[in-house]
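Content type mmCIF, C-alpha atoms, from the file protein37.cif:
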```cif
data_model
loop_
_atom_site.label_atom_id
_atom_site.label_comp_id
_atom_site.auth_asym_id
_atom_site.auth_seq_id
_atom_site.Cartn_x
_atom_site.Cartn_y
_atom_site.Cartn_z
CA MET A 165 0.00 0.00 0.00
CA VAL A 166 2.64 2.49 1.10
CA THR A 167 4.84 1.59 -1.87
CA ALA A 168 1.97 1.96 -4.34
CA ARG A 169 1.04 5.35 -2.93
CA SER A 170 4.58 6.71 -3.17
CA ALA A 171 4.83 5.47 -6.75
CA ASP A 172 1.58 7.35 -7.47
CA THR A 173 2.79 10.62 -5.95
CA ARG A 174 6.06 10.28 -7.85
CA ARG A 175 4.26 9.68 -11.11
CA GLU A 176 1.77 12.50 -10.74
CA PRO A 177 4.15 15.46 -10.51
CA GLN A 178 6.03 13.98 -13.46
CA GLN A 179 2.80 13.88 -15.50
CA ASP A 180 2.07 17.44 -14.40
CA ARG A 181 5.53 18.56 -15.47
CA SER A 182 5.12 16.81 -18.81
CA ARG A 183 1.74 18.47 -19.33
CA ALA A 184 3.16 21.87 -18.39
CA THR A 185 6.04 21.41 -20.84
CA ARG A 186 3.55 20.52 -23.57
CA GLN A 187 1.42 23.59 -22.82
CA ARG A 188 4.45 25.88 -22.90
CA LEU A 189 5.48 24.45 -26.28
CA LEU A 190 1.99 24.85 -27.76
CA SER A 191 1.68 28.41 -26.53
CA ALA A 192 5.19 29.33 -27.75
CA ALA A 193 4.47 27.78 -31.15
CA VAL A 194 1.45 30.06 -31.68
CA ALA A 195 3.46 33.13 -30.64
CA CYS A 196 6.35 32.17 -32.95
CA LEU A 197 4.06 31.52 -35.92
CA ALA A 198 2.30 34.86 -35.44
CA GLU A 199 5.57 36.78 -35.13
CA LEU A 200 7.95 34.87 -37.40
CA GLY A 201 5.72 33.03 -39.86
CA TRP A 202 6.02 29.38 -40.88
CA THR A 203 9.60 29.61 -42.16
CA GLY A 204 10.90 31.03 -38.88
CA THR A 205 8.96 28.59 -36.70
CA THR A 206 11.22 25.57 -36.24
CA VAL A 207 11.00 23.13 -33.32
CA ALA A 208 14.36 24.52 -32.07
CA VAL A 209 13.12 28.13 -32.08
CA VAL A 210 9.88 27.20 -30.33
CA ALA A 211 11.73 25.07 -27.76
CA GLU A 212 14.05 27.95 -26.93
CA ARG A 213 11.17 30.37 -26.55
CA ALA A 214 9.34 27.89 -24.30
CA GLY A 215 12.48 27.34 -22.20
CA VAL A 216 12.40 23.63 -23.05
CA SER A 217 15.32 21.54 -24.30
CA ARG A 218 15.22 20.64 -27.97
CA GLY A 219 15.23 16.94 -27.03
CA ALA A 220 12.21 17.35 -24.75
CA ALA A 221 10.40 19.34 -27.46
CA GLN A 222 11.06 16.61 -30.02
CA HIS A 223 9.87 13.99 -27.54
CA HIS A 224 6.49 15.74 -27.40
CA PHE A 225 6.34 16.78 -31.06
CA PRO A 226 8.52 14.77 -33.45
CA THR A 227 8.02 17.21 -36.34
CA ARG A 228 7.35 20.91 -36.81
CA GLU A 229 4.08 19.98 -38.55
CA ASP A 230 2.91 18.08 -35.44
CA LEU A 231 3.91 20.92 -33.17
CA VAL A 232 2.32 23.68 -35.18
CA THR A 233 -0.95 21.99 -36.11
CA GLY A 234 -1.20 20.74 -32.50
CA ALA A 235 -0.69 24.30 -31.28
CA ILE A 236 -3.39 25.85 -33.49
CA GLU A 237 -5.78 23.03 -32.56
CA HIS A 238 -5.15 23.26 -28.81
CA MET A 239 -5.20 27.06 -28.58
CA SER A 240 -8.44 27.14 -30.61
CA GLU A 241 -10.02 24.77 -28.08
CA VAL A 242 -8.85 27.00 -25.25
CA ARG A 243 -10.31 30.04 -27.03
CA ALA A 244 -13.62 28.28 -27.71
CA ALA A 245 -13.86 27.33 -24.02
CA GLU A 246 -13.18 30.95 -23.02
CA ILE A 247 -15.93 32.18 -25.33
CA ALA A 248 -18.36 29.58 -23.99
CA GLY A 249 -17.45 30.66 -20.45
CA ALA A 250 -18.00 34.33 -21.21
CA GLN A 251 -21.35 33.72 -22.90
CA PRO A 252 -23.50 34.36 -19.78
CA ALA A 253 -21.95 37.84 -19.51
CA LEU A 254 -23.13 38.86 -23.00
CA PRO A 255 -25.96 41.39 -22.98
CA THR A 256 -29.46 40.39 -24.04
CA GLY A 257 -31.80 42.71 -25.84
CA PRO A 258 -30.97 45.28 -28.53
CA ARG A 259 -27.17 45.37 -27.90
CA ARG A 260 -26.73 41.61 -28.07
CA THR A 261 -26.07 41.16 -31.80
CA GLU A 262 -23.33 43.78 -31.83
CA ALA A 263 -21.72 42.23 -28.73
CA VAL A 264 -21.81 38.79 -30.38
CA LEU A 265 -20.26 40.17 -33.58
CA ASN A 266 -17.43 41.65 -31.52
CA VAL A 267 -16.79 38.27 -29.89
CA LEU A 268 -16.67 36.63 -33.33
CA ALA A 269 -14.44 39.36 -34.76
CA ASP A 270 -12.08 39.02 -31.77
CA LEU A 271 -11.76 35.36 -32.72
CA TYR A 272 -10.10 36.55 -35.95
CA GLY A 273 -8.32 39.50 -34.43
CA GLY A 274 -5.45 38.28 -32.28
CA PRO A 275 -2.19 36.33 -32.42
CA LEU A 276 -4.02 33.00 -32.76
CA PHE A 277 -5.65 34.12 -36.02
CA ARG A 278 -2.36 35.52 -37.30
CA ALA A 279 -0.66 32.25 -36.43
CA ALA A 280 -3.36 30.19 -38.15
CA LEU A 281 -3.20 32.43 -41.21
CA GLN A 282 0.58 31.96 -41.45
CA LEU A 283 -0.01 28.21 -41.34
CA TRP A 284 -2.81 28.27 -43.95
CA MET A 285 -0.62 30.41 -46.25
CA ALA A 286 2.30 28.01 -45.92
CA ALA A 287 -0.07 25.12 -46.62
CA ALA A 288 -1.31 26.91 -49.75
CA THR A 289 2.17 26.54 -51.27
CA ASP A 290 3.04 23.06 -49.91
CA GLU A 291 0.95 20.06 -50.87
CA ALA A 292 2.16 17.76 -48.06
CA LEU A 293 1.50 20.41 -45.42
CA ARG A 294 -1.89 21.14 -46.99
CA ALA A 295 -2.94 17.50 -46.57
CA GLN A 296 -2.31 17.84 -42.83
CA VAL A 297 -3.65 21.37 -42.40
CA ALA A 298 -6.79 21.48 -44.58
CA PRO A 299 -8.81 19.09 -42.36
CA LEU A 300 -7.92 21.18 -39.29
CA GLU A 301 -8.87 24.41 -41.06
CA ALA A 302 -12.20 22.88 -42.13
CA ARG A 303 -12.94 21.61 -38.61
CA LEU A 304 -12.16 24.95 -36.97
CA GLY A 305 -14.44 26.60 -39.53
CA ARG A 306 -17.30 24.22 -38.63
CA GLU A 307 -16.74 24.84 -34.93
CA ALA A 308 -16.76 28.61 -35.41
CA HIS A 309 -20.00 28.24 -37.36
CA GLY A 310 -21.59 26.27 -34.51
CA MET A 311 -20.45 28.93 -32.05
CA ALA A 312 -21.90 31.73 -34.20
CA VAL A 313 -25.25 29.91 -34.55
CA GLU A 314 -25.49 29.48 -30.80
CA LEU A 315 -24.39 33.01 -29.87
CA LEU A 316 -26.72 34.61 -32.43
CA GLY A 317 -29.56 32.27 -31.51
CA ALA A 318 -29.97 31.68 -35.26
CA ASP A 319 -32.61 29.24 -36.48
CA GLU A 320 -30.92 27.60 -39.46
CA SER A 321 -34.06 25.72 -40.47
CA ARG A 322 -35.37 29.02 -41.89
CA PRO A 323 -34.35 29.86 -45.47
CA GLY A 324 -31.28 32.06 -45.87
CA VAL A 325 -30.31 32.00 -42.19
CA ARG A 326 -27.45 29.55 -42.62
CA GLU A 327 -25.97 31.69 -45.40
CA MET A 328 -26.24 34.84 -43.30
CA VAL A 329 -24.37 33.16 -40.44
CA GLN A 330 -21.70 32.04 -42.91
CA ALA A 331 -21.53 35.53 -44.40
CA THR A 332 -21.07 36.91 -40.88
CA LEU A 333 -18.08 34.64 -40.32
CA ASP A 334 -16.60 35.43 -43.74
CA LEU A 335 -17.04 39.12 -42.94
CA THR A 336 -15.30 38.83 -39.56
CA ARG A 337 -12.43 36.88 -41.16
CA GLY A 338 -12.15 39.61 -43.80
CA LEU A 339 -11.96 42.18 -40.99
CA GLY A 340 -9.19 40.12 -39.39
CA LEU A 341 -7.30 40.25 -42.67
CA ALA A 342 -7.75 44.02 -42.94
CA ALA A 343 -6.17 44.45 -39.49
CA LEU A 344 -3.04 42.53 -40.41
CA LEU A 345 -0.87 45.49 -41.39
CA ARG A 346 -2.55 48.40 -39.58
CA ASP A 347 -4.86 49.38 -36.75
CA ASP A 348 -8.30 48.96 -38.27
CA SER A 349 -10.31 49.08 -35.03
CA ALA A 350 -12.28 52.30 -35.66
CA ARG A 351 -13.50 51.08 -39.05
CA ARG A 352 -14.21 47.62 -37.62
CA THR A 353 -16.46 49.14 -34.95
CA ARG A 354 -18.52 51.03 -37.56
CA VAL A 355 -18.80 48.05 -39.91
CA LEU A 356 -19.87 45.68 -37.12
CA ALA A 357 -22.44 48.18 -35.77
CA GLU A 358 -23.98 48.50 -39.23
CA TRP A 359 -23.89 44.75 -39.80
CA ALA A 360 -25.52 44.11 -36.40
CA SER A 361 -28.42 46.37 -37.29
CA THR A 362 -28.73 44.65 -40.68
CA LEU A 363 -28.71 41.18 -39.08
CA ASP A 364 -31.40 42.30 -36.62
CA THR A 365 -33.48 43.34 -39.62
CA VAL A 366 -33.00 40.27 -41.80
CA LEU A 367 -32.67 37.46 -39.24
CA PRO A 368 -35.89 36.35 -37.57
CA PRO A 369 -35.62 36.88 -33.79
CA PRO A 370 -34.63 33.74 -31.81
CA SER A 371 -37.76 31.84 -30.83
CA MET B 268 16.69 63.97 -90.55
CA VAL B 269 17.37 60.49 -91.89
CA THR B 270 19.84 59.85 -89.08
CA ALA B 271 17.37 61.06 -86.47
CA ARG B 272 14.62 58.84 -87.87
CA SER B 273 16.76 55.69 -87.87
CA ALA B 274 17.85 56.45 -84.30
CA ASP B 275 14.13 56.65 -83.44
CA THR B 276 13.27 53.34 -85.05
CA ARG B 277 16.27 51.72 -83.37
CA ARG B 278 15.25 53.11 -80.00
CA GLU B 279 11.63 52.11 -80.24
CA PRO B 280 11.99 48.33 -80.60
CA GLN B 281 14.53 48.48 -77.79
CA GLN B 282 12.00 50.27 -75.58
CA ASP B 283 9.39 47.70 -76.61
CA ARG B 284 11.73 44.86 -75.72
CA SER B 285 12.50 46.48 -72.39
CA ARG B 286 8.80 46.94 -71.65
CA ALA B 287 8.05 43.34 -72.63
CA THR B 288 10.84 42.09 -70.35
CA ARG B 289 9.41 44.13 -67.50
CA GLN B 290 5.91 42.77 -68.09
CA ARG B 291 7.18 39.19 -68.14
CA LEU B 292 8.99 39.74 -64.84
CA LEU B 293 5.93 41.30 -63.18
CA SER B 294 3.67 38.54 -64.34
CA ALA B 295 6.14 35.81 -63.30
CA ALA B 296 6.56 37.43 -59.88
CA VAL B 297 2.81 37.19 -59.17
CA ALA B 298 2.75 33.54 -60.28
CA CYS B 299 5.80 32.71 -58.11
CA LEU B 300 4.40 34.45 -55.05
CA ALA B 301 1.07 32.65 -55.38
CA GLU B 302 2.73 29.24 -55.86
CA LEU B 303 5.87 29.49 -53.73
CA GLY B 304 5.15 32.21 -51.19
CA TRP B 305 7.46 35.07 -50.23
CA THR B 306 10.38 32.88 -49.13
CA GLY B 307 10.51 31.05 -52.46
CA THR B 308 10.14 34.18 -54.57
CA THR B 309 13.66 35.46 -55.20
CA VAL B 310 14.68 37.68 -58.12
CA ALA B 311 16.64 34.70 -59.52
CA VAL B 312 13.62 32.36 -59.40
CA VAL B 313 11.35 34.95 -61.00
CA ALA B 314 13.93 35.76 -63.70
CA GLU B 315 14.24 32.08 -64.60
CA ARG B 316 10.48 31.68 -64.78
CA ALA B 317 10.21 34.77 -66.97
CA GLY B 318 13.01 33.55 -69.27
CA VAL B 319 15.05 36.67 -68.47
CA SER B 320 18.70 36.81 -67.39
CA ARG B 321 19.30 37.55 -63.74
CA GLY B 322 21.29 40.65 -64.70
CA ALA B 323 18.43 42.01 -66.81
CA ALA B 324 15.96 41.30 -63.99
CA GLN B 325 18.13 43.18 -61.53
CA HIS B 326 18.46 46.06 -63.97
CA HIS B 327 14.67 46.44 -63.90
CA PHE B 328 14.17 45.59 -60.21
CA PRO B 329 17.22 46.04 -57.97
CA THR B 330 15.60 44.21 -55.03
CA ARG B 331 13.03 41.49 -54.48
CA GLU B 332 10.90 44.04 -52.58
CA ASP B 333 10.81 46.32 -55.64
CA LEU B 334 9.96 43.44 -57.93
CA VAL B 335 7.22 41.96 -55.80
CA THR B 336 5.47 45.17 -54.73
CA GLY B 337 5.77 46.41 -58.33
CA ALA B 338 4.18 43.18 -59.52
CA ILE B 339 1.20 43.33 -57.16
CA GLU B 340 0.69 47.01 -58.01
CA HIS B 341 0.90 46.54 -61.76
CA MET B 342 -1.25 43.41 -61.94
CA SER B 343 -3.88 45.08 -59.75
CA GLU B 344 -4.01 47.98 -62.23
CA VAL B 345 -4.42 45.51 -65.10
CA ARG B 346 -7.23 43.76 -63.20
CA ALA B 347 -8.98 47.05 -62.38
CA ALA B 348 -8.85 48.04 -66.06
CA GLU B 349 -10.33 44.64 -67.03
CA ILE B 350 -13.18 45.10 -64.56
CA ALA B 351 -13.84 48.63 -65.81
CA GLY B 352 -13.85 47.31 -69.37
CA ALA B 353 -16.30 44.51 -68.53
CA GLN B 354 -18.66 46.84 -66.68
CA PRO B 355 -20.98 47.56 -69.65
CA ALA B 356 -21.61 43.80 -69.95
CA LEU B 357 -22.98 43.52 -66.40
CA PRO B 358 -26.74 42.98 -66.24
CA THR B 359 -29.04 45.72 -65.02
CA GLY B 360 -32.19 45.05 -63.02
CA PRO B 361 -32.75 42.41 -60.36
CA ARG B 362 -29.69 40.24 -61.19
CA ARG B 363 -27.22 43.13 -61.11
CA THR B 364 -26.23 43.08 -57.43
CA GLU B 365 -25.39 39.38 -57.50
CA ALA B 366 -23.37 39.83 -60.71
CA VAL B 367 -21.45 42.72 -59.13
CA LEU B 368 -20.74 40.66 -56.01
CA ASN B 369 -19.33 37.90 -58.18
CA VAL B 370 -17.02 40.39 -59.89
CA LEU B 371 -15.81 41.65 -56.49
CA ALA B 372 -15.39 38.11 -55.12
CA ASP B 373 -13.40 37.15 -58.25
CA LEU B 374 -11.06 40.02 -57.36
CA TYR B 375 -10.16 38.04 -54.22
CA GLY B 376 -10.39 34.64 -55.78
CA GLY B 377 -7.43 34.11 -58.08
CA PRO B 378 -3.63 33.93 -58.14
CA LEU B 379 -3.31 37.72 -57.76
CA PHE B 380 -5.11 37.63 -54.41
CA ARG B 381 -3.08 34.62 -53.28
CA ALA B 382 0.10 36.43 -54.28
CA ALA B 383 -0.93 39.62 -52.46
CA LEU B 384 -1.89 37.59 -49.39
CA GLN B 385 1.53 35.92 -49.33
CA LEU B 386 3.12 39.36 -49.49
CA TRP B 387 0.87 40.81 -46.73
CA MET B 388 1.64 37.78 -44.50
CA ALA B 389 5.39 38.18 -45.03
CA ALA B 390 5.03 41.90 -44.25
CA ALA B 391 3.18 41.03 -41.04
CA THR B 392 6.35 39.40 -39.70
CA ASP B 393 8.93 41.83 -41.15
CA GLU B 394 8.89 45.49 -40.14
CA ALA B 395 11.02 46.80 -43.02
CA LEU B 396 8.87 44.98 -45.58
CA ARG B 397 5.71 46.21 -43.85
CA ALA B 398 6.84 49.84 -44.26
CA GLN B 399 6.98 49.26 -48.01
CA VAL B 400 3.89 47.06 -48.33
CA ALA B 401 1.33 48.66 -45.98
CA PRO B 402 0.84 51.81 -48.12
CA LEU B 403 0.28 49.61 -51.19
CA GLU B 404 -2.21 47.41 -49.32
CA ALA B 405 -4.08 50.50 -48.11
CA ARG B 406 -4.17 52.04 -51.60
CA LEU B 407 -5.45 48.84 -53.24
CA GLY B 408 -8.12 48.69 -50.53
CA ARG B 409 -9.26 52.24 -51.31
CA GLU B 410 -9.32 51.50 -55.04
CA ALA B 411 -11.38 48.35 -54.50
CA HIS B 412 -13.78 50.40 -52.39
CA GLY B 413 -14.16 52.97 -55.16
CA MET B 414 -14.80 50.16 -57.65
CA ALA B 415 -17.45 48.60 -55.40
CA VAL B 416 -19.21 51.94 -54.89
CA GLU B 417 -19.37 52.51 -58.62
CA LEU B 418 -20.44 48.98 -59.56
CA LEU B 419 -23.13 48.88 -56.87
CA GLY B 420 -24.26 52.42 -57.67
CA ALA B 421 -24.08 53.06 -53.92
CA ASP B 422 -24.87 56.53 -52.58
CA GLU B 423 -22.42 56.90 -49.71
CA SER B 424 -23.93 60.18 -48.56
CA ARG B 425 -26.78 58.13 -47.05
CA PRO B 426 -26.21 56.79 -43.52
CA GLY B 427 -24.85 53.26 -43.25
CA VAL B 428 -24.19 52.84 -46.98
CA ARG B 429 -20.42 53.30 -46.74
CA GLU B 430 -20.24 50.67 -43.99
CA MET B 431 -22.31 48.18 -46.03
CA VAL B 432 -19.96 48.64 -49.00
CA GLN B 433 -16.99 48.05 -46.68
CA ALA B 434 -18.71 45.03 -45.15
CA THR B 435 -19.25 43.69 -48.68
CA LEU B 436 -15.53 43.95 -49.43
CA ASP B 437 -14.58 42.40 -46.07
CA LEU B 438 -17.00 39.57 -46.88
CA THR B 439 -15.54 38.95 -50.33
CA ARG B 440 -12.00 38.97 -48.88
CA GLY B 441 -13.14 36.50 -46.22
CA LEU B 442 -14.54 34.30 -49.00
CA GLY B 443 -11.17 34.50 -50.77
CA LEU B 444 -9.51 33.29 -47.59
CA ALA B 445 -11.96 30.39 -47.25
CA ALA B 446 -11.06 29.22 -50.77
CA LEU B 447 -7.35 29.09 -50.02
CA LEU B 448 -7.12 25.40 -49.11
CA ARG B 449 -10.22 23.94 -50.79
CA ASP B 450 -12.82 24.44 -53.49
CA ASP B 451 -15.39 26.66 -51.80
CA SER B 452 -17.29 27.71 -54.92
CA ALA B 453 -20.68 26.12 -54.15
CA ARG B 454 -20.85 27.73 -50.71
CA ARG B 455 -19.61 31.03 -52.15
CA THR B 456 -22.46 31.07 -54.67
CA ARG B 457 -25.07 30.59 -51.94
CA VAL B 458 -23.54 33.18 -49.61
CA LEU B 459 -23.27 35.79 -52.37
CA ALA B 460 -26.86 35.19 -53.51
CA GLU B 461 -28.09 35.76 -49.96
CA TRP B 462 -25.83 38.79 -49.49
CA ALA B 463 -27.13 40.27 -52.77
CA SER B 464 -30.72 39.98 -51.61
CA THR B 465 -29.75 41.58 -48.27
CA LEU B 466 -28.00 44.47 -50.02
CA ASP B 467 -31.03 44.97 -52.27
CA THR B 468 -33.16 45.20 -49.11
CA VAL B 469 -31.00 47.56 -47.06
CA LEU B 470 -29.30 49.73 -49.71
CA PRO B 471 -31.46 52.44 -51.24
CA PRO B 472 -31.74 51.90 -55.01
CA PRO B 473 -29.27 54.01 -57.07
CA SER B 474 -30.88 57.32 -57.93
#
```
In structure tokens, what does this structure look like?
Amino acid sequence: MVTARSADTRREPQQDRSRATRQRLLSAAVACLAELGWTGTTVAVVAERAGVSRGAAQHHFPTREDLVTGAIEHMSEVRAAEIAGAQPALPTGPRRTEAVLNVLADLYGGPLFRAALQLWMAAATDEALRAQVAPLEARLGREAHGMAVELLGADESRPGVREMVQATLDLTRGLGLAALLRDDSARRTRVLAEWASTLDTVLPPPS
Amino acid sequence: MVTARSADTRREPQQDRSRATRQRLLSAAVACLAELGWTGTTVAVVAERAGVSRGAAQHHFPTREDLVTGAIEHMSEVRAAEIAGAQPALPTGPRRTEAVLNVLADLYGGPLFRAALQLWMAAATDEALRAQVAPLEARLGREAHGMAVELLGADESRPGVREMVQATLDLTRGLGLAALLRDDSARRTRVLAEWASTLDTVLPPPS
């Protein structure tokens, strides 16, 4: 009994450490991709930024492709969980649509979007990378769509509603693109306010 | 007189050849950027693709930055002229808005958009390149806006109209992004049809 328990306590901190190392690598990979692009994001560079030995990094992620796709996937899950957690704090009533649009636009506004975009662009010029990245990109797109449907309270069984939700996500991604090389926040605010009032006009209210 | 005239005729074909060389380089630079990304697009690679000596390429474009920004700028002008030329062929009446949206979405659908996107992404991670590229990106954005206003016959003096035109361009850029790693044409058609009917509802008809 005593022996088993000490083995357990020994194993647990080690698992914790391993998980913490993994998290640091995933987080550093997103930061590197956003700042340096695909070419500059090697396992060695990410390991150094994470304060992890190159050997340990390669133990967790044998290739740069594994590391980087794993990072975008994991950080997107973290972000989705944050959005779900913040949902109760969103206003109801006339300001809700605009608040929801800002949440969606934020999804395509920060380092995670920049990192993902660097990865998609690299995949656009590299067939092997594309084979690994395209399914992830498609899945994240579906998940963002589900999130938008829920936050907007959209009833997709009504004609045209699905397309308007998709258009909303395409619009917010386009806004993310426009903010890549400059501060576009003032224009973004005006566009989202106008789009919110349009959505409130064309989408039937949630039943 | 005779001497002057023969000097003229000698000079002209040489100017023509020089212009043709330049055009080939600009066109090859866009193709390289779209296919290989910024890292793969060196003056040497572009020169080889254009069938031009490296020395001649460097005579026209001393640096890769000059070549690539020059290429995006020039090819965008060519595209804008094509769109202006095709304008009389656009339908009037109820199908016009959708036809215009397809023209705008095509603007962000082909190799030129992919090439520009590769350049913007490289500029996002490189401050010196960004200083050269951001003004070009901003100018092309303004020109696209002007094109959209004209094609849609939008009266921007009315409240909200400017923002809906901007939203339309953000949407079409977002659609361009979504088509980067897969064939998204069926979804694009549905989204644009719905967006057209929304614009026809919320935009006042051109006076």
Starting from the shown file, work through the PyMOL selection byres ((chain A) within 9 of (chain B)) and note down what comes out as a PyMOL selection string. chain A and resi 198-201+203+278+281-282+284-290+294+297-298+301-302+305+324-328+330-342+344-346+351+354-359+362+365-366
Nearest to A:Ala214: which of A:Leu300, A:Ala318, A:Leu189, A:Ala292 is it, counting only C-alpha atoms? A:Leu189
Residue by residue, what does the PyMOL selection byres ((chain B and resi 291) around 10) grab here? Present the result as a PyMOL selection string. chain B and resi 285-290+292-296+313-314+316-319+324+338
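Separating atom CA of B:Gln281 from atom CA of B:Thr308 is a distance of 27.6 Å.
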Pull out every residue that the PyMOL selection byres ((chain A and resi 207) around 9) matches in the shown coordinates and put them as a count of residues only. 17
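Note that the spacing between atom CA of A:Glu320 and atom CA of B:Asp467 amounts to 21.6 Å.
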For atom CA of A:Gln251 and atom CA of A:Leu283, determine how far apart the two atoms are, in Å to one decimal place. 28.7 Å
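Between B:Glu410 and the residues B:Glu344, B:Gly337, B:Asp422, B:Val370, the shortest atom-to-atom distance, using all atoms listed in the file, involves B:Glu344.
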With 8 Å added on each side, what axis-aligned box encloses every listed atom of stretch 327-345 of chain B? Give the centre and edge lengths in Å to one decimal, as JSON.
```
{"center_x": 6.4, "center_y": 44.7, "center_z": -58.8, "size_x": 37.6, "size_y": 22.5, "size_z": 28.5}
```
Kindly indicate which residue among A:Gly274, A:Arg303, A:Ala350, A:Asp180 lies nearest to A:Ala195, using all atoms listed in the file for the distances. A:Gly274
Nearby residues (only C-alpha atoms) at most 9 Å from B:Ala463, same-chain spacing under 5 positions excluded, as JSON, numbers by chain: {"B": [362, 363, 364, 365, 366, 367, 368, 458, 468]}
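Between B:Asp450 and the candidates B:Gly376, B:Pro355, B:Pro361, B:Pro280, the tightest atom-to-atom separation, counting all atoms listed in the file, involves B:Gly376.
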